[in-house]
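Visitor: Mind looking over this structure? Questions follow.
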Amino acid sequence: MNMESEQSITLGDVEVTRVVEWQGPFAPARGLVPEAGGEVWKDNEDWLAPDHWEPGSDTAVLALQTWVLRSGGRTVLVDTGVGNGRERPDSPHFHHWQGDFLGALARAGVRPEDVDVVVNTHIHSDHVGWNTRDTDGEWVPTFPNARYLLPAADDFHFGPDNAYANGVRRDDRLLYEDSVAPVHRAGQSVLWDGSYRIDEHLTLESAPGHTPGSSVLRLASGTDRAVFVGDLLHSPVQILDPSCNSGFCLDAEQAVASRRRILERAATERELVVPAHFAGAGLVEVRREGSGFALVPSAIG
């Protein structure tokens, strides 16, 4: 692994660049990870703060970000953030969001037409938003030349055939209609299940629980390994105790099983763990410790 800058690393033959849409205090720590008691935050304050926790307000610090992978001559985006101008009445943070994501992407050297593959690790509003953009009052794919890889289980769960996740949240219908359906209509979507190989370095793998189709993206190039875990993890406290789910996991038991499985392999194979929402450096390395895991000190970020 060659660290090129704060925002970019090279893993084998794959260049990885981080594009941040937003970063800062997001939600009450115990609301984000309800099963993690206050003591775990306080006992680990020396490294949780300030990148992952704001002790004074007891607020979890998160990032909304996209990872740009340049692999085999192609440009791959992992998750596409919130998107601008969305109706998200159930998500006050994201309702009518306005940001400079496309500007940040351009500063990373990526124009929309340069993107070959878009990976949505799962279908939640902060992972599919920039799939599309508003053009003359119509939502159209932001990346006109890309294949959009969508987990089939999530596409069914959040789509019209399942009444937009059974109609529990207004946002689920809205995000599907403005950020997923237009990609289908444009003929740019690929639904997959189980596993999906993008190229010789990159493979998608199902890791359900957070949502029915939640997935991880594995990177293996030369001796370097990484796993982009989406919302399998929202906070490092879930690494210390993998039985702790976020408040957004739909199937608690399945989410715990997926988290343990992915972390176990990461510890065994020394994969860098790259969650969707970690602030700081955005990635960590883990090792086994007791019934859970610990962060390798040199990799804390």
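In the structure tokens, each chain is lettered A, B, ... as it comes, each chain's residues begin at 1, and ligands are numbered from 1 in order of appearance.
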Check which residues of stretch 3-24 of chain A sit at most 9 Å from stretch 68-81 of chain A using only C-alpha atoms, and return one row each with the closest pair of atoms and their distance in Å to one decimal, ordered by chain and rising number, as JSON lines.
Guide:
```
{"residue": "A:Asp13", "atom": "CA", "partner": "A:Ser71", "partner_atom": "CA", "distance": 6.9}
{"residue": "A:Val14", "atom": "CA", "partner": "A:Ser71", "partner_atom": "CA", "distance": 4.9}
{"residue": "A:Glu15", "atom": "CA", "partner": "A:Arg70", "partner_atom": "CA", "distance": 5.1}
{"residue": "A:Val16", "atom": "CA", "partner": "A:Leu69", "partner_atom": "CA", "distance": 4.7}
{"residue": "A:Thr17", "atom": "CA", "partner": "A:Val68", "partner_atom": "CA", "distance": 5.0}
{"residue": "A:Arg18", "atom": "CA", "partner": "A:Val68", "partner_atom": "CA", "distance": 6.3}
{"residue": "A:Val19", "atom": "CA", "partner": "A:Val68", "partner_atom": "CA", "distance": 7.3}
{"residue": "A:Val20", "atom": "CA", "partner": "A:Gly81", "partner_atom": "CA", "distance": 8.9}
{"residue": "A:Glu21", "atom": "CA", "partner": "A:Gly81", "partner_atom": "CA", "distance": 6.9}
```
Visitor: Which of stretch 9-152 of chain A counts as alpha helix (DSSP H) under DSSP, as a PyMOL selection string please?
Guide: chain A and resi 29-32+38-43+45-48+101-107+125-128+152
Visitor: Name the residues in contact with stretch 98-110 of chain A at a cut-off of 7 Å, using only C-alpha atoms, excluding same-chain residues fewer than 2 positions from it; report them as a VMD selection string.
Guide: chain A and resid 19 21 84 to 85 96 112 114
Visitor: Need to verify the contact set: stretch 230-235 of chain A, 8 Å, only C-alpha atoms, exclusion of same-chain residues closer than 6 positions in sequence. Can you return it as a ChimeraX atom specification?
Guide: /A:32-33,52,60,62,121-122,210,214-216,246,255,258-259,274-278
Visitor: Take the residues that were just selected and, keeping C-alpha atoms, output them as a compact mmCIF listing (two decimals), in the first residue's frame.
Guide:
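Contents of again15.txt, as written:
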```txt
# COMPACT_ATOMS: atom_id res chain seq x y z
CA LEU A 32 -26.76 5.87 16.06
CA VAL A 33 -25.69 2.66 17.82
CA HIS A 52 -15.68 9.64 15.51
CA ALA A 60 -21.35 10.67 16.67
CA LEU A 62 -19.78 10.82 10.43
CA THR A 121 -23.63 -1.02 -1.74
CA HIS A 122 -27.29 -0.78 -0.77
CA HIS A 210 -28.64 -3.66 7.28
CA SER A 214 -26.55 -4.88 1.61
CA SER A 215 -23.19 -5.75 0.09
CA VAL A 216 -19.45 -5.28 0.39
CA SER A 246 -26.95 0.73 14.08
CA ALA A 255 -26.69 -7.78 10.31
CA SER A 258 -22.67 -10.37 8.31
CA ARG A 259 -20.62 -7.96 10.42
CA VAL A 274 -13.41 0.97 4.46
CA PRO A 275 -16.85 1.90 5.85
CA ALA A 276 -19.14 4.32 4.09
CA HIS A 277 -19.32 6.84 6.91
CA PHE A 278 -16.10 6.84 8.94
```
Visitor: Apply DSSP to the structure's backbone, then extract all residues of stretch 83-248 of chain A labelled strand (DSSP E) and return them as a ChimeraX atom specification.
Guide: /A:117-119,132-135,138-141,147-151,189-192,195-197,202-206,215-221,224-230
Visitor: Keeping only N, CA and C atoms, write those residues as a compact mmCIF listing (two decimals), in the first residue's frame.
Guide:
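Final output, result-v5.txt:
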```
# COMPACT_ATOMS: atom_id res chain seq x y z
N VAL A 117 -18.42 2.55 -13.97
CA VAL A 117 -19.22 1.68 -13.10
C VAL A 117 -19.60 2.45 -11.85
N VAL A 118 -20.87 2.35 -11.46
CA VAL A 118 -21.34 2.87 -10.18
C VAL A 118 -21.79 1.69 -9.34
N VAL A 119 -21.26 1.59 -8.13
CA VAL A 119 -21.66 0.56 -7.18
C VAL A 119 -22.50 1.21 -6.10
N THR A 132 -28.46 10.16 -9.90
CA THR A 132 -29.17 10.99 -10.87
C THR A 132 -28.99 12.46 -10.52
N ARG A 133 -29.37 13.30 -11.48
CA ARG A 133 -29.42 14.74 -11.22
C ARG A 133 -30.60 15.32 -11.99
N ASP A 134 -31.05 16.46 -11.54
CA ASP A 134 -32.20 17.14 -12.14
C ASP A 134 -31.75 17.89 -13.39
N THR A 135 -32.32 17.49 -14.52
CA THR A 135 -32.05 18.17 -15.78
C THR A 135 -33.38 18.61 -16.38
N GLU A 138 -36.33 16.91 -14.81
CA GLU A 138 -36.40 15.45 -14.92
C GLU A 138 -35.15 14.83 -14.31
N TRP A 139 -35.34 13.77 -13.54
CA TRP A 139 -34.21 13.05 -12.96
C TRP A 139 -33.61 12.13 -14.02
N VAL A 140 -32.33 12.35 -14.32
CA VAL A 140 -31.63 11.53 -15.32
C VAL A 140 -30.33 11.03 -14.72
N PRO A 141 -29.76 9.94 -15.24
CA PRO A 141 -28.50 9.43 -14.69
C PRO A 141 -27.40 10.49 -14.74
N ARG A 147 -22.36 1.71 -16.00
CA ARG A 147 -23.25 0.64 -15.55
C ARG A 147 -23.46 0.85 -14.06
N TYR A 148 -24.70 0.81 -13.63
CA TYR A 148 -25.03 0.95 -12.21
C TYR A 148 -25.32 -0.44 -11.64
N LEU A 149 -24.51 -0.87 -10.69
CA LEU A 149 -24.66 -2.19 -10.10
C LEU A 149 -25.49 -2.08 -8.83
N LEU A 150 -26.68 -2.68 -8.85
CA LEU A 150 -27.65 -2.57 -7.76
C LEU A 150 -27.94 -3.95 -7.19
N PRO A 151 -27.93 -4.12 -5.86
CA PRO A 151 -28.30 -5.42 -5.29
C PRO A 151 -29.76 -5.73 -5.60
N SER A 189 -28.89 -0.03 -15.61
CA SER A 189 -28.81 -0.77 -14.36
C SER A 189 -28.48 -2.24 -14.61
N VAL A 190 -27.76 -2.81 -13.65
CA VAL A 190 -27.47 -4.25 -13.61
C VAL A 190 -27.84 -4.74 -12.21
N LEU A 191 -28.80 -5.64 -12.12
CA LEU A 191 -29.17 -6.23 -10.84
C LEU A 191 -28.36 -7.50 -10.62
N TRP A 192 -27.85 -7.67 -9.42
CA TRP A 192 -27.02 -8.84 -9.13
C TRP A 192 -27.40 -9.41 -7.78
N SER A 195 -22.90 -12.78 -5.65
CA SER A 195 -21.61 -12.13 -5.88
C SER A 195 -21.56 -11.66 -7.33
N TYR A 196 -20.68 -10.70 -7.57
CA TYR A 196 -20.56 -10.13 -8.92
C TYR A 196 -19.13 -9.64 -9.10
N ARG A 197 -18.44 -10.16 -10.10
CA ARG A 197 -17.06 -9.75 -10.36
C ARG A 197 -17.06 -8.58 -11.34
N LEU A 202 -11.72 -6.44 -8.37
CA LEU A 202 -12.89 -5.99 -7.62
C LEU A 202 -14.04 -6.98 -7.72
N THR A 203 -14.59 -7.37 -6.56
CA THR A 203 -15.70 -8.31 -6.51
C THR A 203 -16.72 -7.87 -5.48
N LEU A 204 -17.98 -7.86 -5.86
CA LEU A 204 -19.08 -7.58 -4.93
C LEU A 204 -19.55 -8.87 -4.28
N GLU A 205 -19.97 -8.75 -3.02
CA GLU A 205 -20.41 -9.92 -2.25
C GLU A 205 -21.56 -9.50 -1.34
N SER A 206 -22.63 -10.29 -1.31
CA SER A 206 -23.77 -9.98 -0.45
C SER A 206 -23.38 -10.05 1.02
N SER A 215 -24.32 -5.04 0.69
CA SER A 215 -23.19 -5.75 0.09
C SER A 215 -21.88 -5.09 0.48
N VAL A 216 -20.80 -5.82 0.23
CA VAL A 216 -19.45 -5.28 0.39
C VAL A 216 -18.72 -5.44 -0.93
N LEU A 217 -17.73 -4.60 -1.13
CA LEU A 217 -16.89 -4.67 -2.33
C LEU A 217 -15.48 -5.05 -1.89
N ARG A 218 -14.99 -6.17 -2.38
CA ARG A 218 -13.63 -6.62 -2.04
C ARG A 218 -12.65 -6.17 -3.12
N LEU A 219 -11.51 -5.69 -2.66
CA LEU A 219 -10.41 -5.30 -3.54
C LEU A 219 -9.22 -6.19 -3.21
N ALA A 220 -8.69 -6.85 -4.21
CA ALA A 220 -7.48 -7.66 -4.05
C ALA A 220 -6.58 -7.40 -5.24
N SER A 221 -5.41 -6.81 -4.97
CA SER A 221 -4.48 -6.50 -6.04
C SER A 221 -3.06 -6.63 -5.50
N ASP A 224 -2.06 -6.40 -1.64
CA ASP A 224 -2.95 -5.49 -0.91
C ASP A 224 -4.39 -5.98 -0.94
N ARG A 225 -5.07 -5.74 0.16
CA ARG A 225 -6.46 -6.16 0.31
C ARG A 225 -7.25 -5.04 0.99
N ALA A 226 -8.49 -4.87 0.56
CA ALA A 226 -9.40 -3.93 1.22
C ALA A 226 -10.82 -4.42 1.03
N VAL A 227 -11.70 -4.03 1.94
CA VAL A 227 -13.11 -4.35 1.80
C VAL A 227 -13.92 -3.11 2.13
N PHE A 228 -14.70 -2.66 1.16
CA PHE A 228 -15.57 -1.50 1.30
C PHE A 228 -16.90 -2.02 1.83
N VAL A 229 -17.23 -1.67 3.08
CA VAL A 229 -18.30 -2.39 3.79
C VAL A 229 -19.61 -1.63 3.85
N GLY A 230 -19.73 -0.49 3.16
CA GLY A 230 -20.99 0.23 3.19
C GLY A 230 -21.41 0.56 4.61
```
Visitor: Which residues are near stretch 169-171 of chain A? Cut-off 12 Å, only C-alpha atoms, ignore same chain within fewer than 3 positions. Put them as a PyMOL selection string.
Guide: chain A and resi 86-92+94-95+123-126+129+158-159+163-166+174-179
Visitor: Since we have the selection now, will you write its residues out, keeping C-alpha atoms, as an mmCIF file, in the first residue's frame?
Guide:
```cif
data_model
loop_
_atom_site.group_PDB
_atom_site.id
_atom_site.type_symbol
_atom_site.label_atom_id
_atom_site.label_comp_id
_atom_site.auth_asym_id
_atom_site.auth_seq_id
_atom_site.Cartn_x
_atom_site.Cartn_y
_atom_site.Cartn_z
ATOM 1 C CA ARG A 86 -34.194 15.728 -2.896
ATOM 2 C CA GLU A 87 -37.500 15.437 -1.077
ATOM 3 C CA ARG A 88 -36.573 13.516 2.101
ATOM 4 C CA PRO A 89 -39.199 14.458 4.697
ATOM 5 C CA ASP A 90 -38.276 11.556 6.986
ATOM 6 C CA SER A 91 -34.576 12.473 6.919
ATOM 7 C CA PRO A 92 -34.101 16.071 8.098
ATOM 8 C CA PHE A 94 -30.914 15.131 3.760
ATOM 9 C CA HIS A 95 -34.135 17.049 2.995
ATOM 10 C CA ILE A 123 -30.314 1.361 -1.532
ATOM 11 C CA HIS A 124 -30.514 4.042 1.143
ATOM 12 C CA SER A 125 -30.900 7.746 0.478
ATOM 13 C CA ASP A 126 -27.298 8.600 1.390
ATOM 14 C CA GLY A 129 -28.473 10.233 -4.326
ATOM 15 C CA PHE A 158 -37.443 -0.718 -1.997
ATOM 16 C CA GLY A 159 -39.186 -0.891 -5.366
ATOM 17 C CA ALA A 163 -44.852 -1.267 -2.290
ATOM 18 C CA TYR A 164 -41.636 0.687 -1.700
ATOM 19 C CA ALA A 165 -40.482 -1.225 1.408
ATOM 20 C CA ASN A 166 -44.118 -1.811 2.404
ATOM 21 C CA LEU A 174 -39.170 9.027 -3.034
ATOM 22 C CA LEU A 175 -35.559 7.825 -3.195
ATOM 23 C CA TYR A 176 -36.495 4.924 -5.446
ATOM 24 C CA GLU A 177 -38.409 7.180 -7.814
ATOM 25 C CA ASP A 178 -35.778 9.912 -8.081
ATOM 26 C CA SER A 179 -32.519 7.941 -7.725
#
```
Visitor: Pick out the closest residue to A:Gln65 from this set: A:Trp22, A:Phe156, A:Trp47, A:Trp97. Count only C-alpha atoms.
Guide: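 Residue with the minimum atom-to-atom distance to A:Gln65: A:Trp22.
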Visitor: Between A:Trp53, A:Trp130, A:Trp67, A:Phe143, single out the one closest to A:Val237, counting only C-alpha atoms.
Guide: A:Trp53
Visitor: May I ask for the distance between atom CA of A:Gln7 and atom CA of A:Gln23, given in Å to one decimal place?
Guide: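 Atom-to-atom, atom CA of A:Gln7 to atom CA of A:Gln23, that is 13.7 Å.
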Visitor: Residues within 7 Å of A:Asn245, please, as a ChimeraX atom specification. Count only C-alpha atoms; anything in the same chain fewer than 5 positions from it doesn't count.
Guide: /A:33,35,252,256
Visitor: Can you list, as a PyMOL selection string, every protein, DNA or RNA residue that comes within 7 Å of stretch 282-298 of chain A when you count only C-alpha atoms, leaving out same-chain residues fewer than 4 positions away?
Guide: chain A and resi 239-242+266-267+271-275+278
Visitor: A:Pro236, A:Val183, A:Thr211, A:Asp193: which is nearest A:Ala29, counting only C-alpha atoms?
Guide: A:Pro236
